[in-house]
$ cat final03.pdb   # PDB, C-alpha atoms
MODEL        1
ATOM      1  CA  MET A   1      22.670  -9.589   8.781
ATOM      2  CA  ILE A   2      21.311  -6.406   7.207
ATOM      3  CA  LYS A   3      20.633  -6.011   3.485
ATOM      4  CA  GLN A   4      19.579  -2.663   2.075
ATOM      5  CA  GLN A   5      18.477  -1.151  -1.197
ATOM      6  CA  CYS A   6      18.274   2.597  -1.683
ATOM      7  CA  ASN A   7      18.235   5.368  -4.249
ATOM      8  CA  ALA A   8      21.489   6.562  -5.773
ATOM      9  CA  VAL A   9      21.665   9.678  -3.585
ATOM     10  CA  LEU A  10      21.958   7.579  -0.421
ATOM     11  CA  GLN A  11      24.288   4.804  -1.579
ATOM     12  CA  ASP A  12      27.450   6.477  -0.266
ATOM     13  CA  ASN A  13      25.869   8.501   2.527
ATOM     14  CA  PRO A  14      27.651   7.397   5.769
ATOM     15  CA  ILE A  15      24.946   8.825   8.059
ATOM     16  CA  PHE A  16      22.241   6.899   6.209
ATOM     17  CA  LEU A  17      24.295   3.683   6.210
ATOM     18  CA  SER A  18      24.851   4.021   9.957
ATOM     19  CA  PHE A  19      21.116   4.637  10.419
ATOM     20  CA  VAL A  20      20.317   1.432   8.526
ATOM     21  CA  GLU A  21      22.695  -0.659  10.636
ATOM     22  CA  THR A  22      20.994   0.402  13.864
ATOM     23  CA  LEU A  23      17.410   0.583  12.556
ATOM     24  CA  PRO A  24      16.315  -2.839  13.921
ATOM     25  CA  GLN A  25      17.412  -1.875  17.440
ATOM     26  CA  LYS A  26      16.213   1.742  17.386
ATOM     27  CA  PHE A  27      12.972   1.546  15.401
ATOM     28  CA  ASP A  28      10.657   1.295  18.422
ATOM     29  CA  SER A  29      11.990   4.565  19.818
ATOM     30  CA  LEU A  30      12.111   6.576  16.573
ATOM     31  CA  GLY A  31       9.796   9.443  15.638
ATOM     32  CA  GLU A  32       6.036   9.211  16.079
ATOM     33  CA  ILE A  33       3.693   6.308  15.447
ATOM     34  CA  VAL A  34       1.327   6.982  12.539
ATOM     35  CA  HIS A  35      -0.259   3.543  12.306
ATOM     36  CA  ASP A  36       0.026   0.558  14.629
ATOM     37  CA  ALA A  37      -1.767  -2.645  13.705
ATOM     38  CA  ARG A  38      -0.401  -5.711  11.952
ATOM     39  CA  ASN A  39       2.466  -3.540  10.697
ATOM     40  CA  GLN A  40       3.769  -0.362  12.295
ATOM     41  CA  LEU A  41       4.327   2.940  10.509
ATOM     42  CA  ARG A  42       6.456   5.737  11.975
ATOM     43  CA  LYS A  43       7.249   9.252  10.802
ATOM     44  CA  VAL A  44      10.928   9.987  11.496
ATOM     45  CA  GLU A  45      12.981  13.170  11.142
ATOM     46  CA  VAL A  46      16.104  12.607   9.026
ATOM     47  CA  ALA A  47      17.391  16.138   8.378
ATOM     48  CA  ASP A  48      20.838  14.977   9.552
ATOM     49  CA  TRP A  49      21.123  12.781   6.444
ATOM     50  CA  GLY A  50      21.868  16.004   4.589
ATOM     51  CA  ILE A  51      19.535  15.238   1.682
ATOM     52  CA  GLN A  52      17.872  18.292   0.190
ATOM     53  CA  ASP A  53      14.072  18.335   0.519
ATOM     54  CA  LEU A  54      14.080  15.243   2.768
ATOM     55  CA  PRO A  55      13.463  16.459   6.333
ATOM     56  CA  GLU A  56      11.517  13.354   7.341
ATOM     57  CA  VAL A  57      10.543   9.903   6.090
ATOM     58  CA  MET A  58       7.914   7.262   6.699
ATOM     59  CA  ILE A  59       9.257   3.913   7.880
ATOM     60  CA  LYS A  60       7.025   0.870   7.716
ATOM     61  CA  LYS A  61       8.040  -2.209   9.674
ATOM     62  CA  TYR A  62       6.475  -5.369   8.349
ATOM     63  CA  HIS A  63       5.412  -7.695  11.132
ATOM     64  CA  GLY A  64       7.299 -10.815  12.219
ATOM     65  CA  LEU A  65       6.694 -13.991  10.265
ATOM     66  CA  PHE A  66       5.738 -17.595  10.820
ATOM     67  CA  LEU A  67       8.561 -20.042  10.104
ATOM     68  CA  PHE A  68       7.056 -21.223   6.809
ATOM     69  CA  GLN A  69       6.702 -17.562   5.732
ATOM     70  CA  ARG A  70      10.366 -16.920   6.540
ATOM     71  CA  ILE A  71      11.344 -19.881   4.345
ATOM     72  CA  TRP A  72       8.975 -18.710   1.575
ATOM     73  CA  TYR A  73      10.344 -15.138   1.539
ATOM     74  CA  SER A  74      13.937 -16.369   1.762
ATOM     75  CA  PHE A  75      13.893 -18.731  -1.206
ATOM     76  CA  PHE A  76      10.719 -18.437  -3.277
ATOM     77  CA  ARG A  77       9.441 -14.874  -3.239
ATOM     78  CA  ALA A  78      10.853 -11.413  -2.589
ATOM     79  CA  PRO A  79      10.026 -10.008   0.879
ATOM     80  CA  LYS A  80       7.252  -7.407   1.044
ATOM     81  CA  CYS A  81       9.645  -4.543   1.825
ATOM     82  CA  ARG A  82      11.698  -5.306  -1.293
ATOM     83  CA  ARG A  83       8.596  -5.615  -3.458
ATOM     84  CA  ALA A  84       7.286  -2.317  -2.083
ATOM     85  CA  TYR A  85      10.548  -0.610  -3.044
ATOM     86  CA  ASN A  86      10.905  -2.167  -6.511
ATOM     87  CA  ASN A  87       7.219  -1.794  -7.376
ATOM     88  CA  THR A  88       7.230   1.868  -6.402
ATOM     89  CA  VAL A  89      10.283   2.472  -8.584
ATOM     90  CA  GLU A  90       8.518   0.875 -11.556
ATOM     91  CA  LEU A  91       5.153   2.553 -10.938
ATOM     92  CA  ARG A  92       6.779   5.971 -10.895
ATOM     93  CA  ARG A  93       8.809   5.086 -13.994
ATOM     94  CA  ARG A  94       5.488   4.463 -15.758
ATOM     95  CA  GLY A  95       4.232   7.872 -14.662
ATOM     96  CA  LEU A  96       1.887   6.623 -11.933
ATOM     97  CA  PRO A  97       1.549   8.740  -8.768
ATOM     98  CA  ALA A  98       3.070   6.583  -6.020
ATOM     99  CA  VAL A  99       4.665   8.105  -2.912
ATOM    100  CA  GLU A 100       8.411   8.132  -3.634
ATOM    101  CA  GLU A 101      10.590   5.298  -2.343
ATOM    102  CA  VAL A 102      13.747   5.970  -0.311
ATOM    103  CA  ALA A 103      15.062   2.557   0.762
ATOM    104  CA  CYS A 104      14.226  -0.935   1.933
ATOM    105  CA  VAL A 105      16.018  -2.720   4.742
ATOM    106  CA  GLU A 106      15.973  -6.491   5.252
ATOM    107  CA  VAL A 107      16.942  -8.260   8.471
ATOM    108  CA  TRP A 108      18.202 -11.836   8.018
ATOM    109  CA  SER A 109      19.043 -14.410  10.683
ATOM    110  CA  HIS A 110      20.535 -17.917  10.303
ATOM    111  CA  GLY A 111      20.177 -17.733   6.536
ATOM    112  CA  LEU A 112      16.471 -16.831   6.616
ATOM    113  CA  PHE A 113      14.664 -13.551   6.090
ATOM    114  CA  LYS A 114      13.311 -12.372   9.463
ATOM    115  CA  TYR A 115      11.528  -9.033   8.895
ATOM    116  CA  GLY A 116      11.929  -5.819   6.920
ATOM    117  CA  PHE A 117      11.404  -2.081   6.637
ATOM    118  CA  PHE A 118      10.252   0.074   3.743
ATOM    119  CA  ILE A 119      11.303   3.728   3.854
ATOM    120  CA  SER A 120       9.528   6.325   1.733
ATOM    121  CA  LYS A 121       9.025  10.045   1.553
ATOM    122  CA  VAL A 122       6.096  11.403   3.546
ATOM    123  CA  GLY A 123       3.038  11.338   1.307
ATOM    124  CA  LYS A 124       0.924  14.478   1.085
ATOM    125  CA  GLY A 125      -2.738  14.391   1.873
ATOM    126  CA  GLU A 126      -5.225  12.277   3.806
ATOM    127  CA  ARG A 127      -6.304   8.683   3.447
ATOM    128  CA  MET A 128      -9.378   8.403   1.255
ATOM    129  CA  ASP A 129     -11.366   6.359   3.799
ATOM    130  CA  SER A 130     -10.993   8.895   6.615
ATOM    131  CA  LEU A 131     -11.619  11.764   4.181
ATOM    132  CA  ILE A 132     -14.884  10.231   2.958
ATOM    133  CA  VAL A 133     -16.086   9.861   6.557
ATOM    134  CA  LYS A 134     -15.135  13.464   7.299
ATOM    135  CA  LEU A 135     -17.047  14.718   4.231
ATOM    136  CA  LYS A 136     -20.104  12.476   4.743
ATOM    137  CA  ASP A 137     -22.554  15.388   4.350
ATOM    138  CA  LYS A 138     -20.862  16.801   1.232
ATOM    139  CA  GLY A 139     -22.006  14.475  -1.523
ATOM    140  CA  GLU A 140     -20.718  16.594  -4.404
ATOM    141  CA  GLU A 141     -17.206  16.722  -2.970
ATOM    142  CA  ILE A 142     -17.240  12.981  -2.256
ATOM    143  CA  HIS A 143     -18.168  12.313  -5.866
ATOM    144  CA  LYS A 144     -15.243  14.450  -7.052
ATOM    145  CA  ILE A 145     -12.909  12.311  -4.948
ATOM    146  CA  THR A 146     -14.517   9.071  -6.119
ATOM    147  CA  HIS A 147     -14.232  10.167  -9.751
ATOM    148  CA  GLN A 148     -10.529  10.975  -9.316
ATOM    149  CA  ALA A 149     -10.022   7.561  -7.716
ATOM    150  CA  ALA A 150     -11.704   5.936 -10.729
ATOM    151  CA  LEU A 151      -9.481   7.952 -13.088
ATOM    152  CA  LEU A 152      -6.382   6.831 -11.177
ATOM    153  CA  VAL A 153      -7.348   3.157 -11.137
ATOM    154  CA  ALA A 154      -8.142   3.270 -14.854
ATOM    155  CA  HIS A 155      -4.749   4.923 -15.460
ATOM    156  CA  VAL A 156      -3.025   2.205 -13.418
ATOM    157  CA  HIS A 157      -4.710  -0.550 -15.427
ATOM    158  CA  GLN A 158      -3.963   1.165 -18.730
ATOM    159  CA  HIS A 159      -0.271   1.000 -17.796
ATOM    160  CA  GLY A 160      -0.224  -2.759 -17.264
ATOM    161  CA  VAL A 161      -0.556  -2.805 -13.470
ATOM    162  CA  ILE A 162      -2.951  -4.644 -11.158
ATOM    163  CA  TYR A 163      -2.652  -2.954  -7.766
ATOM    164  CA  ARG A 164      -4.203  -5.830  -5.749
ATOM    165  CA  ASP A 165      -4.683  -3.670  -2.635
ATOM    166  CA  MET A 166      -7.096  -1.109  -4.058
ATOM    167  CA  ASN A 167      -8.897  -0.003  -0.938
ATOM    168  CA  PRO A 168      -9.537   3.588   0.237
ATOM    169  CA  GLY A 169      -6.944   3.257   3.000
ATOM    170  CA  ASN A 170      -4.185   2.996   0.398
ATOM    171  CA  LEU A 171      -5.128   6.124  -1.547
ATOM    172  CA  LEU A 172      -3.829   9.507  -0.352
ATOM    173  CA  CYS A 173      -5.950  12.503  -1.369
ATOM    174  CA  THR A 174      -4.706  16.075  -1.689
ATOM    175  CA  HIS A 175      -6.830  19.096  -2.590
ATOM    176  CA  SER A 176      -5.242  21.651  -4.881
ATOM    177  CA  SER A 177      -6.046  25.220  -3.867
ATOM    178  CA  ASN A 178      -5.111  26.404  -7.363
ATOM    179  CA  SER A 179      -7.115  24.026  -9.545
ATOM    180  CA  HIS A 180      -9.691  23.133  -6.868
ATOM    181  CA  GLU A 181      -9.266  19.499  -7.887
ATOM    182  CA  TRP A 182      -8.245  16.396  -5.979
ATOM    183  CA  GLN A 183      -5.002  14.553  -6.636
ATOM    184  CA  ILE A 184      -4.624  10.962  -5.464
ATOM    185  CA  SER A 185      -1.431   8.969  -4.937
ATOM    186  CA  LEU A 186      -0.759   5.315  -4.141
ATOM    187  CA  ILE A 187       0.807   3.825  -1.028
ATOM    188  CA  ASP A 188       1.380   0.184   0.014
ATOM    189  CA  THR A 189       2.548  -1.031  -3.380
ATOM    190  CA  ASN A 190       4.029  -4.396  -2.349
ATOM    191  CA  ARG A 191       1.116  -6.465  -3.708
ATOM    192  CA  ALA A 192       1.073  -4.887  -7.165
ATOM    193  CA  ARG A 193       1.510  -7.131 -10.187
ATOM    194  CA  ILE A 194       3.251  -5.280 -12.967
ATOM    195  CA  SER A 195       3.213  -6.726 -16.464
ATOM    196  CA  ALA A 196       6.296  -6.493 -18.634
ATOM    197  CA  SER A 197       4.355  -4.465 -21.181
ATOM    198  CA  ASP A 198       3.300  -0.917 -20.306
ATOM    199  CA  SER A 199      -0.038  -1.316 -22.090
ATOM    200  CA  PRO A 200      -3.760  -1.561 -21.190
ATOM    201  CA  LEU A 201      -5.009  -4.698 -19.441
ATOM    202  CA  PRO A 202      -8.293  -6.436 -20.326
ATOM    203  CA  LEU A 203     -11.221  -5.753 -18.029
ATOM    204  CA  ALA A 204     -11.347  -9.362 -16.780
ATOM    205  CA  SER A 205      -7.872  -8.939 -15.281
ATOM    206  CA  CYS A 206      -8.854  -5.668 -13.571
ATOM    207  CA  ILE A 207     -12.056  -6.707 -11.790
ATOM    208  CA  PRO A 208     -10.180  -7.913  -8.651
ATOM    209  CA  ASP A 209      -9.074  -4.298  -8.091
ATOM    210  CA  LEU A 210     -12.610  -2.964  -8.547
ATOM    211  CA  ILE A 211     -14.199  -5.276  -5.982
ATOM    212  CA  LEU A 212     -11.693  -4.247  -3.288
ATOM    213  CA  MET A 213     -13.303  -0.800  -2.918
ATOM    214  CA  ASN A 214     -14.803  -1.392   0.539
ATOM    215  CA  PRO A 215     -18.647  -1.164   0.332
ATOM    216  CA  ILE A 216     -18.943   0.039   3.917
ATOM    217  CA  LEU A 217     -18.170   3.619   2.761
ATOM    218  CA  GLY A 218     -21.067   3.698   0.284
ATOM    219  CA  ILE A 219     -18.967   4.931  -2.652
ATOM    220  CA  GLU A 220     -18.524   1.676  -4.549
ATOM    221  CA  ASP A 221     -21.391   2.188  -7.010
ATOM    222  CA  ALA A 222     -20.164   5.596  -8.163
ATOM    223  CA  PHE A 223     -16.577   4.331  -8.313
ATOM    224  CA  VAL A 224     -17.403   1.298 -10.487
ATOM    225  CA  ASN A 225     -19.736   3.319 -12.757
ATOM    226  CA  ASP A 226     -17.119   6.030 -13.324
ATOM    227  CA  TYR A 227     -14.341   3.496 -13.916
ATOM    228  CA  LEU A 228     -16.332   1.577 -16.539
ATOM    229  CA  HIS A 229     -17.331   4.804 -18.316
ATOM    230  CA  ILE A 230     -13.707   6.006 -18.363
ATOM    231  CA  ARG A 231     -12.499   2.753 -19.943
ATOM    232  CA  GLY A 232     -15.440   2.460 -22.334
ATOM    233  CA  PHE A 233     -16.821  -0.770 -20.842
ATOM    234  CA  TYR A 234     -19.990   0.564 -19.209
ATOM    235  CA  SER A 235     -23.230  -1.380 -19.147
ATOM    236  CA  ALA A 236     -25.875  -1.547 -16.426
ATOM    237  CA  LYS A 237     -25.611  -5.346 -16.294
ATOM    238  CA  LEU A 238     -21.830  -5.259 -15.884
ATOM    239  CA  CYS A 239     -22.116  -2.742 -13.031
ATOM    240  CA  LYS A 240     -24.670  -4.951 -11.295
ATOM    241  CA  ASP A 241     -22.524  -8.078 -11.739
ATOM    242  CA  ILE A 242     -19.427  -6.386 -10.306
ATOM    243  CA  ARG A 243     -21.361  -5.045  -7.307
ATOM    244  CA  GLN A 244     -22.756  -8.515  -6.554
ATOM    245  CA  ILE A 245     -19.261 -10.035  -6.636
ATOM    246  CA  GLN A 246     -18.041  -7.230  -4.415
ATOM    247  CA  TYR A 247     -20.695  -7.657  -1.720
ATOM    248  CA  ARG A 248     -20.360 -11.460  -1.687
ATOM    249  CA  LYS A 249     -16.606 -11.192  -1.302
ATOM    250  CA  TYR A 250     -16.846  -8.621   1.492
ATOM    251  CA  GLU A 251     -19.502 -10.506   3.487
ATOM    252  CA  ARG A 252     -17.615 -13.795   3.100
ATOM    253  CA  LYS A 253     -14.230 -12.419   4.122
ATOM    254  CA  LYS A 254     -15.337 -10.214   7.024
ATOM    255  CA  PRO A 255     -15.887 -12.936   9.701
ATOM    256  CA  LEU A 256     -12.838 -14.893   8.556
ATOM    257  CA  LYS A 257     -10.612 -11.800   8.755
ATOM    258  CA  GLU A 258     -11.911 -11.027  12.230
ATOM    259  CA  ARG A 259     -11.073 -14.537  13.504
ATOM    260  CA  LEU A 260      -7.664 -14.591  11.825
ATOM    261  CA  GLY A 261      -6.965 -11.077  13.106
ATOM    262  CA  ARG A 262      -7.482 -12.150  16.708
ATOM    263  CA  PHE A 263      -5.218 -15.168  16.259
ATOM    264  CA  LYS A 264      -2.497 -13.144  14.541
ATOM    265  CA  ALA A 265      -2.615 -10.455  17.229
ATOM    266  CA  LEU A 266      -1.957 -13.058  19.930
ATOM    267  CA  TYR A 267       0.789 -14.711  17.900
ATOM    268  CA  PHE A 268       2.668 -11.498  17.129
ATOM    269  CA  LYS A 269       2.317 -10.339  20.734
ATOM    270  CA  TRP A 270       4.019 -13.567  21.784
ATOM    271  CA  LEU A 271       6.594 -13.292  18.980
ATOM    272  CA  ASN A 272       7.656  -9.774  20.015
ATOM    273  CA  LYS A 273       8.182 -10.626  23.680
TER     274      LYS A 273
ENDMDL
END
$ encode --input "final03.pdb" --output "structure tokens"
Amino acid sequence: MIKQQCNAVLQDNPIFLSFVETLPQKFDSLGEIVHDARNQLRKVEVADWGIQDLPEVMIKKYHGLFLFQRIWYSFFRAPKCRRAYNNTVELRRRGLPAVEEVACVEVWSHGLFKYGFFISKVGKGERMDSLIVKLKDKGEEIHKITHQAALLVAHVHQHGVIYRDMNPGNLLCTHSSNSHEWQISLIDTNRARISASDSPLPLASCIPDLILMNPILGIEDAFVNDYLHIRGFYSAKLCKDIRQIQYRKYERKKPLKERLGRFKALYFKWLNK
């Protein structure tokens, strides 16, 4: 069984509805692969949908699930694809720069959620992590990007949102030729926690986002310093404390993630046979 959620423009579009019905069977042969790891991301041409200014979309397929996860996402928590769609709607409603949602598609079998797709517009720009590596010898430009990232994260927190996946791979950077400034937008919004009130969150609630800025890129100090200055919380001791938490978390999680990653890769390879 297929369940779908989409914007108002697509609700009665027969070509889109037909596309959704066949998406589980056709996904592996659609468009071009943009990212292929735990989840797969494809860029797909959809000009035949007849939607103005929508020549192509990004489709993210969330990986298959363990049985207990299928039960969890069927009865106790919304699937990731649905959360990505609903969170993006709410983030943009609050004026936050998230790449625009198009639809989510859920595949159910025997009364349980099986897997899902999140469809969005194609975000402009380049992932912050790859951009930082590319600009490694241009410190001034890197600091401009880092400062804009700090401004964005502060803006997110001031609107009652904890992003919970605040790493450079989930920030898209675009350089404006007119203003010569960087604009940054959010992708992968499914983990976000959005409070009912669109109002600033206390710093204690926001620290989990700050420590997710991967220290391997060497930008975490500037990012944390700029963020704390922007929100009026800066102190040298606080910066030091946050950095220590960040490094401990990264060093502790790295070997565990590597072991789990190998196990998951084998499991999902078997699952997709």
$ resolve_selection --input "final03.pdb" --expression "the PyMOL selection byres ((chain A and resi 243) around 10)" --output "PyMOL selection string"
chain A and resi 210-211+215+220-221+224+237-242+244-249
$ resolve_selection --input "final03.pdb" --expression "the PyMOL selection byres ((chain A and resi 200) around 12)" --output "PyMOL selection string"
chain A and resi 153-162+194-199+201-206+231
$ write_last_selection --input "final03.pdb" --atoms "C-alpha atoms" --output "PDB file, in the coordinates of the input"
ATOM      1  CA  VAL A 153      -7.348   3.157 -11.137  1.00  0.00           C
ATOM      2  CA  ALA A 154      -8.142   3.270 -14.854  1.00  0.00           C
ATOM      3  CA  HIS A 155      -4.749   4.923 -15.460  1.00  0.00           C
ATOM      4  CA  VAL A 156      -3.025   2.205 -13.418  1.00  0.00           C
ATOM      5  CA  HIS A 157      -4.710  -0.550 -15.427  1.00  0.00           C
ATOM      6  CA  GLN A 158      -3.963   1.165 -18.730  1.00  0.00           C
ATOM      7  CA  HIS A 159      -0.271   1.000 -17.796  1.00  0.00           C
ATOM      8  CA  GLY A 160      -0.224  -2.759 -17.264  1.00  0.00           C
ATOM      9  CA  VAL A 161      -0.556  -2.805 -13.470  1.00  0.00           C
ATOM     10  CA  ILE A 162      -2.951  -4.644 -11.158  1.00  0.00           C
ATOM     11  CA  ILE A 194       3.251  -5.280 -12.967  1.00  0.00           C
ATOM     12  CA  SER A 195       3.213  -6.726 -16.464  1.00  0.00           C
ATOM     13  CA  ALA A 196       6.296  -6.493 -18.634  1.00  0.00           C
ATOM     14  CA  SER A 197       4.355  -4.465 -21.181  1.00  0.00           C
ATOM     15  CA  ASP A 198       3.300  -0.917 -20.306  1.00  0.00           C
ATOM     16  CA  SER A 199      -0.038  -1.316 -22.090  1.00  0.00           C
ATOM     17  CA  LEU A 201      -5.009  -4.698 -19.441  1.00  0.00           C
ATOM     18  CA  PRO A 202      -8.293  -6.436 -20.326  1.00  0.00           C
ATOM     19  CA  LEU A 203     -11.221  -5.753 -18.029  1.00  0.00           C
ATOM     20  CA  ALA A 204     -11.347  -9.362 -16.780  1.00  0.00           C
ATOM     21  CA  SER A 205      -7.872  -8.939 -15.281  1.00  0.00           C
ATOM     22  CA  CYS A 206      -8.854  -5.668 -13.571  1.00  0.00           C
ATOM     23  CA  ARG A 231     -12.499   2.753 -19.943  1.00  0.00           C
TER      24      ARG A 231
END
$ residues_around --input "final03.pdb" --residues "Leu217 in chain A" --least-positions-apart "2" --cutoff "10 Å" --atoms "only C-alpha atoms" --output "PDB file with C-alpha atoms, keeping the file's coordinate frame"
ATOM      1  CA  ASP A 129     -11.366   6.359   3.799  1.00  0.00           C
ATOM      2  CA  SER A 130     -10.993   8.895   6.615  1.00  0.00           C
ATOM      3  CA  ILE A 132     -14.884  10.231   2.958  1.00  0.00           C
ATOM      4  CA  VAL A 133     -16.086   9.861   6.557  1.00  0.00           C
ATOM      5  CA  LYS A 136     -20.104  12.476   4.743  1.00  0.00           C
ATOM      6  CA  PRO A 168      -9.537   3.588   0.237  1.00  0.00           C
ATOM      7  CA  MET A 213     -13.303  -0.800  -2.918  1.00  0.00           C
ATOM      8  CA  ASN A 214     -14.803  -1.392   0.539  1.00  0.00           C
ATOM      9  CA  PRO A 215     -18.647  -1.164   0.332  1.00  0.00           C
ATOM     10  CA  ILE A 219     -18.967   4.931  -2.652  1.00  0.00           C
ATOM     11  CA  GLU A 220     -18.524   1.676  -4.549  1.00  0.00           C
TER      12      GLU A 220
END
$ atom_distance --input "final03.pdb" --atom1 "CA of Met128 in chain A" --atom2 "CA of Leu96 in chain A"
17.4 Å
$ resolve_selection --input "final03.pdb" --expression "the PyMOL selection byres ((chain A and resi 33) around 10)" --output "MDAnalysis selection string"
chainID A and resid 28:32 34:36 40:44 58:59
$ closest_residue --input "final03.pdb" --among "A:Asp188, A:Phe75, A:Lys61, A:Asn167" --to "Ala150 in chain A" --atoms "all atoms listed in the file"
A:Asn167
$ atom_distance --input "final03.pdb" --atom1 "CA of Ile216 in chain A" --atom2 "CA of Val122 in chain A"
27.5 Å
$ closest_residue --input "final03.pdb" --among "A:Leu131, A:Tyr73, A:Thr174, A:Gln11" --to "Gly116 in chain A" --atoms "all atoms listed in the file"
A:Tyr73
$ closest_residue --input "final03.pdb" --among "A:Asn86, A:Ala78, A:Phe27, A:Ala103" --to "Val9 in chain A" --atoms "all atoms listed in the file"
A:Ala103
$ residues_around --input "final03.pdb" --residues "Lys121 in chain A" --least-positions-apart "5" --cutoff "9 Å" --atoms "all atoms listed in the file" --output "list in words"
Leu54, Glu56, Val57, Met58, Ile59, Val99, Glu100, Glu101 and Val102 of chain A
$ closest_residue --input "final03.pdb" --among "A:Asp165, A:Glu181, A:Asp12, A:Asp53" --to "Arg193 in chain A" --atoms "all atoms listed in the file"
A:Asp165
$ closest_residue --input "final03.pdb" --among "A:Val105, A:Tyr227, A:Glu251, A:Ile184" --to "Thr22 in chain A" --atoms "only C-alpha atoms"
A:Val105
$ closest_residue --input "final03.pdb" --among "A:Gln5, A:Ser185, A:Thr146, A:Ser109" --to "Lys124 in chain A" --atoms "all atoms listed in the file"
A:Ser185
$ atom_distance --input "final03.pdb" --atom1 "CA of Gly64 in chain A" --atom2 "CA of Thr189 in chain A"
19.0 Å
$ residues_around --input "final03.pdb" --residues "Pro79 in chain A" --least-positions-apart "3" --cutoff "10 Å" --atoms "only C-alpha atoms" --output "PyMOL selection string"
chain A and resi 62+69-70+72-76+82-84+106+113-117+190
$ residues_around --input "final03.pdb" --residues "Val46 in chain A" --least-positions-apart "2" --cutoff "6 Å" --atoms "only C-alpha atoms" --output "list in words"
Asp48, Trp49, Pro55 and Glu56 of chain A
$ build_atoms --input "final03.pdb" --residues "range 178-183 of chain A" --atoms "all heavy atoms" --output "PDB file, keeping the file's coordinate frame"
ATOM      1  N   ASN A 178      -5.164  25.679  -6.084  1.00  0.00           N
ATOM      2  CA  ASN A 178      -5.111  26.404  -7.363  1.00  0.00           C
ATOM      3  C   ASN A 178      -6.169  25.902  -8.351  1.00  0.00           C
ATOM      4  O   ASN A 178      -6.947  26.674  -8.903  1.00  0.00           O
ATOM      5  CB  ASN A 178      -3.718  26.277  -7.977  1.00  0.00           C
ATOM      6  CG  ASN A 178      -2.658  26.962  -7.129  1.00  0.00           C
ATOM      7  OD1 ASN A 178      -2.930  27.973  -6.496  1.00  0.00           O
ATOM      8  ND2 ASN A 178      -1.465  26.406  -7.109  1.00  0.00           N
ATOM      9  N   SER A 179      -6.184  24.595  -8.561  1.00  0.00           N
ATOM     10  CA  SER A 179      -7.115  24.026  -9.545  1.00  0.00           C
ATOM     11  C   SER A 179      -8.442  23.611  -8.927  1.00  0.00           C
ATOM     12  O   SER A 179      -9.400  23.316  -9.644  1.00  0.00           O
ATOM     13  CB  SER A 179      -6.480  22.790 -10.200  1.00  0.00           C
ATOM     14  OG  SER A 179      -6.273  21.778  -9.239  1.00  0.00           O
ATOM     15  N   HIS A 180      -8.496  23.580  -7.588  1.00  0.00           N
ATOM     16  CA  HIS A 180      -9.691  23.133  -6.868  1.00  0.00           C
ATOM     17  C   HIS A 180     -10.056  21.700  -7.229  1.00  0.00           C
ATOM     18  O   HIS A 180     -11.218  21.306  -7.172  1.00  0.00           O
ATOM     19  CB  HIS A 180     -10.882  24.061  -7.136  1.00  0.00           C
ATOM     20  CG  HIS A 180     -10.616  25.486  -6.773  1.00  0.00           C
ATOM     21  ND1 HIS A 180     -10.484  25.919  -5.465  1.00  0.00           N
ATOM     22  CD2 HIS A 180     -10.424  26.586  -7.548  1.00  0.00           C
ATOM     23  CE1 HIS A 180     -10.241  27.206  -5.444  1.00  0.00           C
ATOM     24  NE2 HIS A 180     -10.190  27.649  -6.689  1.00  0.00           N
ATOM     25  N   GLU A 181      -9.052  20.906  -7.567  1.00  0.00           N
ATOM     26  CA  GLU A 181      -9.266  19.499  -7.887  1.00  0.00           C
ATOM     27  C   GLU A 181      -8.532  18.634  -6.866  1.00  0.00           C
ATOM     28  O   GLU A 181      -7.666  19.098  -6.139  1.00  0.00           O
ATOM     29  CB  GLU A 181      -8.774  19.184  -9.300  1.00  0.00           C
ATOM     30  CG  GLU A 181      -9.578  19.871 -10.399  1.00  0.00           C
ATOM     31  CD  GLU A 181      -9.087  19.511 -11.782  1.00  0.00           C
ATOM     32  OE1 GLU A 181      -8.014  18.856 -11.859  1.00  0.00           O
ATOM     33  OE2 GLU A 181      -9.733  19.890 -12.763  1.00  0.00           O
ATOM     34  N   TRP A 182      -8.899  17.354  -6.870  1.00  0.00           N
ATOM     35  CA  TRP A 182      -8.245  16.396  -5.979  1.00  0.00           C
ATOM     36  C   TRP A 182      -7.187  15.614  -6.745  1.00  0.00           C
ATOM     37  O   TRP A 182      -7.402  15.211  -7.886  1.00  0.00           O
ATOM     38  CB  TRP A 182      -9.283  15.431  -5.401  1.00  0.00           C
ATOM     39  CG  TRP A 182     -10.198  16.087  -4.403  1.00  0.00           C
ATOM     40  CD1 TRP A 182     -11.406  16.663  -4.658  1.00  0.00           C
ATOM     41  CD2 TRP A 182      -9.963  16.236  -3.007  1.00  0.00           C
ATOM     42  NE1 TRP A 182     -11.950  17.180  -3.502  1.00  0.00           N
ATOM     43  CE2 TRP A 182     -11.087  16.927  -2.461  1.00  0.00           C
ATOM     44  CE3 TRP A 182      -8.931  15.870  -2.145  1.00  0.00           C
ATOM     45  CZ2 TRP A 182     -11.191  17.238  -1.112  1.00  0.00           C
ATOM     46  CZ3 TRP A 182      -9.032  16.183  -0.801  1.00  0.00           C
ATOM     47  CH2 TRP A 182     -10.146  16.859  -0.294  1.00  0.00           C
ATOM     48  N   GLN A 183      -6.034  15.454  -6.107  1.00  0.00           N
ATOM     49  CA  GLN A 183      -5.002  14.553  -6.636  1.00  0.00           C
ATOM     50  C   GLN A 183      -4.890  13.364  -5.696  1.00  0.00           C
ATOM     51  O   GLN A 183      -4.992  13.513  -4.478  1.00  0.00           O
ATOM     52  CB  GLN A 183      -3.644  15.250  -6.735  1.00  0.00           C
ATOM     53  CG  GLN A 183      -3.505  16.194  -7.918  1.00  0.00           C
ATOM     54  CD  GLN A 183      -4.022  17.590  -7.600  1.00  0.00           C
ATOM     55  OE1 GLN A 183      -3.781  18.115  -6.517  1.00  0.00           O
ATOM     56  NE2 GLN A 183      -4.739  18.195  -8.529  1.00  0.00           N
TER      57      GLN A 183
END
